[in-house]
Every structure is written in structure tokens, then in C-alpha cells.
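Enquirer: Structure below; questions to follow.
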Amino acid sequence: MFFYLSQFLSFLAMPLTILLILIIIGAIYIRRKWGKKLLWTGIGLLLFFTNPFLSNLALLAWEPEFKSFEEIESHEIGIVLTGVTNMSKTAYDRTFFNKGADRITHALQLYRMGKIKKILITGGQGLNPSNPQTEAELLKRFLIMTGMPEEDIWIEDQAKNTAQNAQFTKDFLAQKGIPLSQEFILITSAFHMARAKGCFDKVGLKTTTFPTDYYSHDIKYDIPSLLFPDPFSLEYWTKLFKEWIGITMYKLVGYM
């Protein structure tokens with residue numbers, strides 16, 4: 001119930017939904033003064049949400065700064081949240097990555113550098129699976145392919161959302177007899193880190209963050225960035241809106 005309510009609210013509050021409502025109603029009632037205002041408001045917001053310079057500023061303000069590998073102190077375990085593979089396409093001899101593969105590749109780099117001794121991957125099939133495999137299994141297979149020893153890869157493959165990532169990870173570690181008083185490295189996308197950190201704090205796991213998978217980039221003062229509409233900018237705003245709504249819902253129900 002919580003998932004579907006969250007999805008419905010996200011749909012209503014998405015930039016594209018708002019734009020379509022304003023423009024369609026404004027076009028229908030174009031002969032009325034308020035109809036024209038709605039139409040022009042929709043067009044103005046369309047220009048705002050498709051401006052790459054403005055969307056990048058919003059991302060820069062939201063995403064935490066990345067950390068250099070050298071500044072990370074050594075820890076026993078790095079915890080990787082899934083959500084980076086194409087679970088709508090089934091294959092058994094490869095892993096199809098979406099954007100976000102940094103989560104696992106940077107975790108692997110931390111492992112190779114000796115910053116972590118084990119990688120714990122948490123994440124199952126999601127809420128509407130079309131692939132019988134779990135994301136944790138797919139990412140474990142990828143790590144083994146790179147030559148990482150199987151005994152250094154742990155998977156928790158039941159979690160369906162970030163709150164469960166935190167709770168099920170805690171349960172998994174407790175079952176393994178791992179002291180929960182130690183600090184773990186939490187590895188996930190920069191835009192998602194605030195929610196993830198909040199959930200892990202809520203269940204009592206102490207973590208230091210290692211953000212990856214950045215959507216923001218260095219500021220560019222050029223004509224395309226400042227003036228040319230970009231459909232990806234609308235997608236970035238959509239991701240931000242979904243994350244903000246998700247955080248709000250999580251706080252309301254006590255997940256963080």
C-alpha cells in the first residue's frame with residue numbers, strides 16, 4: 001500500500017505531469033484570461049525544467065561532494081546498494097548495467113586498494129520483477145568474473161527498497177556474527193545517499209558514506225548549457241522530485 005501511494009504521489013508531483021496539466025488545461029481554456037495564464041505558466045516551466053544549466057545547479061546543490069579514494073580509511077565491509085542493472089532483460093551469461101554501475105565498480109576499486117576486505121551487496125528483484133534473478137546475484141557474478149574471491153562477496157537478496165536494504169543488512173550482519181558497533185562504508189548513488197544514510201542511521205548501523213554515480217557535472221558557461229533546451233534536464237528534475245518525495249514519505253512512516 002505504501003509503495004503504491006508513494007508512486008501515485010510521485011506521478012502527480014512529477015515535472016512532466018505538472019507541465020502537461022498546465023498546458024492542456026490552458027490550451028482548452030485559451031479564450032479565458034486564467035487559461036492563458038496557465039498556458040504561459042506551463043510553457044515557462046517547460047523552459048525552466050529543460051534548461052541544462054539550471055538542472056545542473058540543482059544537482060550540484062543536492063548531491064554530496066565525492067570523496068577521493070585516498071582519504072577513505074580502511075574498513076572491514078563495504079555495503080553496496082543495488083538499483084544499477086537492467087532487470088527487465090534476462091540473461092545468464094552477462095550483467096546488463098544501467099547508469100549507476102559506479103556503485104559496484106567503485107566498490108571493487110575500494111576492495112582492490114585494500115580499503116575494504118569484503119563487499120556486501122544488498123538488493124533483490126524490486127517490486128515488479130520480470131527477471132527471476134536478483135540484482136545482488138547479478139552483481140556477485142560480475143565481481144567473480146573480475147577475479148574477486150567468492151568468499152569476500154556477501155549478498156542480501158531480499159530487500160525491495162532502501163528501508164529494507166538497511167534493516168535486512170543489519171539482520172544479515174547479525175546472523176553472520178559481525179559486530180554491529182563497527183563502522184561500515186555505505187556505497188550508493190550521490191543523489192540517493194541522503195535517503196540511504198538516513199535509513200541506515202535509523203536501524204542503528206554506523207556508516208561513512210562513499211557517494212558514486214553523479215548526475216551533476218562541473219559548471220559550464222557556454223551557449224548550449226545556458227540557452228538550449230535539453231530533454232535530459234527534465235529527467236534530472238524528475239529524479240530529484242522522486243527522491244525528495246521518497247524522503248518525505250520515508251520520514252512520515254518512520255523509515256528515517
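Residues in the C-alpha cells are numbered from 1 in each chain, the chains being A, B, ... in the order shown, and ligands are numbered from 1 in the order shown.
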Enumerate, in order of chain and increasing residue number, the residues of range 93-205 of chain A with an atom no farther than 10 Å from range 56-80 of chain A, each with its shortest atom pair and distance in Å to one decimal, counting only C-alpha atoms, as a tab-separated table.
Expert:
residue	atom	partner	partner_atom	distance
A:Arg103	CA	A:Val80	CA	6.6
A:Ile104	CA	A:Val80	CA	6.8
A:His106	CA	A:Phe69	CA	9.1
A:Ala107	CA	A:Gly78	CA	7.0
A:Leu108	CA	A:Gly78	CA	9.5
A:Gln109	CA	A:Phe69	CA	8.6
A:Leu110	CA	A:Phe69	CA	7.1
A:Tyr111	CA	A:Gly78	CA	8.4
A:Met113	CA	A:Phe69	CA	8.5
A:Gly114	CA	A:Ser74	CA	6.9
A:Lys115	CA	A:Ser74	CA	4.2
A:Ile116	CA	A:His75	CA	5.0
A:Lys117	CA	A:Glu76	CA	5.1
A:Lys118	CA	A:Ile77	CA	4.9
A:Ile119	CA	A:Gly78	CA	4.9
A:Leu120	CA	A:Ile79	CA	4.8
A:Ile121	CA	A:Val80	CA	4.8
A:Thr122	CA	A:Val80	CA	6.3
A:Gly123	CA	A:Val80	CA	8.8
A:Ala136	CA	A:Val80	CA	9.2
A:Leu139	CA	A:Val80	CA	9.8
A:Asp152	CA	A:Ile77	CA	9.4
A:Ile153	CA	A:Ile77	CA	9.8
A:Trp154	CA	A:Ile79	CA	9.4
A:Ile155	CA	A:Val80	CA	9.5
A:Asn165	CA	A:Val80	CA	9.5
A:Ala166	CA	A:Ile79	CA	9.7
A:Thr169	CA	A:Ile79	CA	8.4
A:Ile178	CA	A:Glu76	CA	9.9
A:Gln182	CA	A:Glu76	CA	8.7
A:Glu183	CA	A:His75	CA	7.2
A:Phe184	CA	A:Ile77	CA	5.7
A:Ile185	CA	A:Gly78	CA	4.6
A:Leu186	CA	A:Ile79	CA	5.0
A:Ile187	CA	A:Val80	CA	4.9
A:Thr188	CA	A:Val80	CA	6.2
A:Ser189	CA	A:Glu63	CA	8.8
A:Ala190	CA	A:Glu63	CA	5.2
A:Phe191	CA	A:Glu63	CA	5.1
A:His192	CA	A:Glu63	CA	8.2
A:Met193	CA	A:Pro64	CA	8.0
A:Ala194	CA	A:Pro64	CA	8.6
Enquirer: For range 8-99 of chain A against range 233-238 of chain A, with a cut-off of 8 Å and counting only C-alpha atoms, what is the closest atom pair and its distance in Å to one decimal for every residue that makes the cut, ordered by chain and number, as CSV?
Expert:
residue,atom,partner,partner_atom,distance
A:Met14,CA,A:Thr238,CA,5.9
A:Pro15,CA,A:Thr238,CA,6.2
A:Leu16,CA,A:Leu234,CA,7.6
A:Phe49,CA,A:Leu234,CA,5.3
A:Thr50,CA,A:Ser233,CA,4.9
A:Asn51,CA,A:Ser233,CA,6.2
A:Pro52,CA,A:Ser233,CA,5.3
A:Ser55,CA,A:Ser233,CA,5.6
A:Asn56,CA,A:Ser233,CA,7.9
A:Leu59,CA,A:Tyr236,CA,7.8
Enquirer: Work out how far apart CA of Leu252 in chain A and CA of Lys239 in chain A are and give it in Å to one decimal.
Expert: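 Between these atoms lies a distance of 19.9 Å.
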Enquirer: Residues within 10 Å of Lys220 in chain A, please, as a PyMOL selection string. Count only C-alpha atoms; anything in the same chain fewer than 3 positions from it doesn't count.
Expert: chain A and resi 52-53+56+217+223-226
Enquirer: Mind dumping the selected residues with N, CA and C atoms as a short mmCIF file (atom, residue, chain, number, x, y, z; two decimals), in the first residue's frame?
Expert:
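Output file out.cif is given in full below:
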data_model
loop_
_atom_site.label_atom_id
_atom_site.label_comp_id
_atom_site.auth_asym_id
_atom_site.auth_seq_id
_atom_site.Cartn_x
_atom_site.Cartn_y
_atom_site.Cartn_z
N PRO A 52 19.55 23.03 -19.13
CA PRO A 52 20.61 22.20 -18.55
C PRO A 52 21.43 22.91 -17.49
N PHE A 53 21.58 24.21 -17.62
CA PHE A 53 22.37 24.95 -16.63
C PHE A 53 21.67 24.93 -15.28
N ASN A 56 21.57 21.38 -13.66
CA ASN A 56 22.88 21.03 -13.11
C ASN A 56 23.14 21.75 -11.79
N HIS A 217 27.63 17.82 -13.08
CA HIS A 217 28.95 17.99 -13.69
C HIS A 217 29.47 19.38 -13.39
N ILE A 223 26.97 28.62 -24.50
CA ILE A 223 25.65 28.87 -25.07
C ILE A 223 24.73 27.64 -24.96
N PRO A 224 25.19 26.43 -25.33
CA PRO A 224 24.28 25.28 -25.21
C PRO A 224 23.78 25.06 -23.79
N SER A 225 24.67 25.18 -22.81
CA SER A 225 24.27 24.95 -21.42
C SER A 225 23.30 26.01 -20.92
N LEU A 226 23.52 27.24 -21.34
CA LEU A 226 22.72 28.35 -20.84
C LEU A 226 21.38 28.51 -21.55
#
Enquirer: Running DSSP on the backbone, which parts of range 93-253 of chain A land in helix (DSSP H, G or I), as a PyMOL selection string?
Expert: chain A and resi 102-112+135-145+150-152+162-175+190-202+223-227+231-253
Enquirer: Those same residues - C-alpha atoms - I'd like them written as a CSV table (one decimal), in the first residue's frame.
Expert:
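New file part24.csv:
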chain,number,residue,atom,x,y,z
A,102,ASP,CA,29.8,3.2,-10.4
A,103,ARG,CA,28.3,1.7,-7.3
A,104,ILE,CA,29.8,-1.7,-7.9
A,105,THR,CA,32.9,-0.7,-9.9
A,106,HIS,CA,34.0,1.9,-7.2
A,107,ALA,CA,33.3,-0.7,-4.5
A,108,LEU,CA,35.6,-3.1,-6.4
A,109,GLN,CA,38.2,-0.3,-6.6
A,110,LEU,CA,38.0,0.2,-2.9
A,111,TYR,CA,38.5,-3.6,-2.4
A,112,ARG,CA,41.5,-3.7,-4.7
A,135,GLU,CA,20.4,-7.9,-8.6
A,136,ALA,CA,22.7,-9.0,-5.8
A,137,GLU,CA,23.2,-12.3,-7.6
A,138,LEU,CA,24.0,-10.5,-10.9
A,139,LEU,CA,26.5,-8.1,-9.3
A,140,LYS,CA,28.1,-11.0,-7.4
A,141,ARG,CA,28.6,-12.8,-10.7
A,142,PHE,CA,30.2,-9.7,-12.1
A,143,LEU,CA,32.6,-9.4,-9.2
A,144,ILE,CA,33.6,-13.0,-9.5
A,145,MET,CA,34.2,-12.5,-13.2
A,150,GLU,CA,33.8,-15.5,-3.8
A,151,GLU,CA,34.3,-15.7,-0.1
A,152,ASP,CA,34.8,-11.9,0.0
A,162,THR,CA,16.0,1.3,0.7
A,163,ALA,CA,14.4,0.8,4.1
A,164,GLN,CA,14.7,-2.9,3.7
A,165,ASN,CA,18.3,-2.6,2.4
A,166,ALA,CA,19.1,-1.1,5.8
A,167,GLN,CA,17.1,-3.5,8.0
A,168,PHE,CA,17.9,-6.7,6.1
A,169,THR,CA,21.6,-5.7,6.0
A,170,LYS,CA,21.6,-5.3,9.8
A,171,ASP,CA,19.9,-8.7,10.2
A,172,PHE,CA,22.3,-10.3,7.8
A,173,LEU,CA,25.3,-9.0,9.6
A,174,ALA,CA,23.9,-10.1,13.0
A,175,GLN,CA,23.4,-13.6,11.6
A,190,ALA,CA,25.1,10.5,-4.8
A,191,PHE,CA,21.5,11.7,-5.4
A,192,HIS,CA,20.3,8.7,-3.3
A,193,MET,CA,22.8,9.0,-0.5
A,194,ALA,CA,20.7,11.2,1.9
A,195,ARG,CA,17.9,8.7,1.9
A,196,ALA,CA,20.2,5.7,2.2
A,197,LYS,CA,22.2,7.2,5.0
A,198,GLY,CA,19.0,8.1,6.9
A,199,CYS,CA,17.7,4.6,6.7
A,200,PHE,CA,20.9,3.0,7.9
A,201,ASP,CA,21.2,5.5,10.7
A,202,LYS,CA,17.6,4.7,11.7
A,223,ILE,CA,25.7,28.9,-25.1
A,224,PRO,CA,24.3,25.3,-25.2
A,225,SER,CA,24.3,24.9,-21.4
A,226,LEU,CA,22.7,28.4,-20.8
A,227,LEU,CA,20.2,28.5,-23.6
A,231,PRO,CA,15.3,16.7,-22.5
A,232,PHE,CA,17.7,15.1,-20.1
A,233,SER,CA,17.3,18.1,-17.8
A,234,LEU,CA,13.7,17.2,-17.4
A,235,GLU,CA,14.7,13.7,-16.5
A,236,TYR,CA,17.2,15.0,-13.9
A,237,TRP,CA,14.5,17.1,-12.3
A,238,THR,CA,12.2,14.1,-12.3
A,239,LYS,CA,14.8,12.1,-10.4
A,240,LEU,CA,15.2,14.9,-7.8
A,241,PHE,CA,11.5,15.2,-7.3
A,242,LYS,CA,11.1,11.4,-6.9
A,243,GLU,CA,13.9,11.4,-4.3
A,244,TRP,CA,12.5,14.4,-2.4
A,245,ILE,CA,9.1,12.8,-2.3
A,246,GLY,CA,10.6,9.4,-1.3
A,247,ILE,CA,12.5,11.1,1.6
A,248,THR,CA,9.3,12.8,2.7
A,249,MET,CA,7.3,9.6,2.7
A,250,TYR,CA,10.1,7.7,4.5
A,251,LYS,CA,10.1,10.3,7.2
A,252,LEU,CA,6.3,10.2,7.6
A,253,VAL,CA,6.3,6.4,8.1
Enquirer: Could you state the separation of CA of Ile24 in chain A and CA of Ile43 in chain A in Å, given to one decimal place?
Expert: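 It comes out at 10.8 Å.
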Enquirer: When you count only C-alpha atoms, which of these residues is closest to Gly100 in chain A: A:Thr82, A:Ser181, A:Ser88, A:Asn161?
Expert: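 Nearest to Gly100 in chain A: A:Thr82.
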Enquirer: Please return as a list in words: the residues of range 3-169 of chain A that backbone DSSP assigns to strand (DSSP E).
Expert: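 Listing strand (DSSP E) positions across range 3-169 of chain A yields His75, Glu76, Ile77, Gly78, Ile79, Val80, Leu81, Ile116, Lys117, Lys118, Ile119, Leu120, Ile121, Thr122, Ile153, Trp154, Ile155 and Glu156 of chain A.
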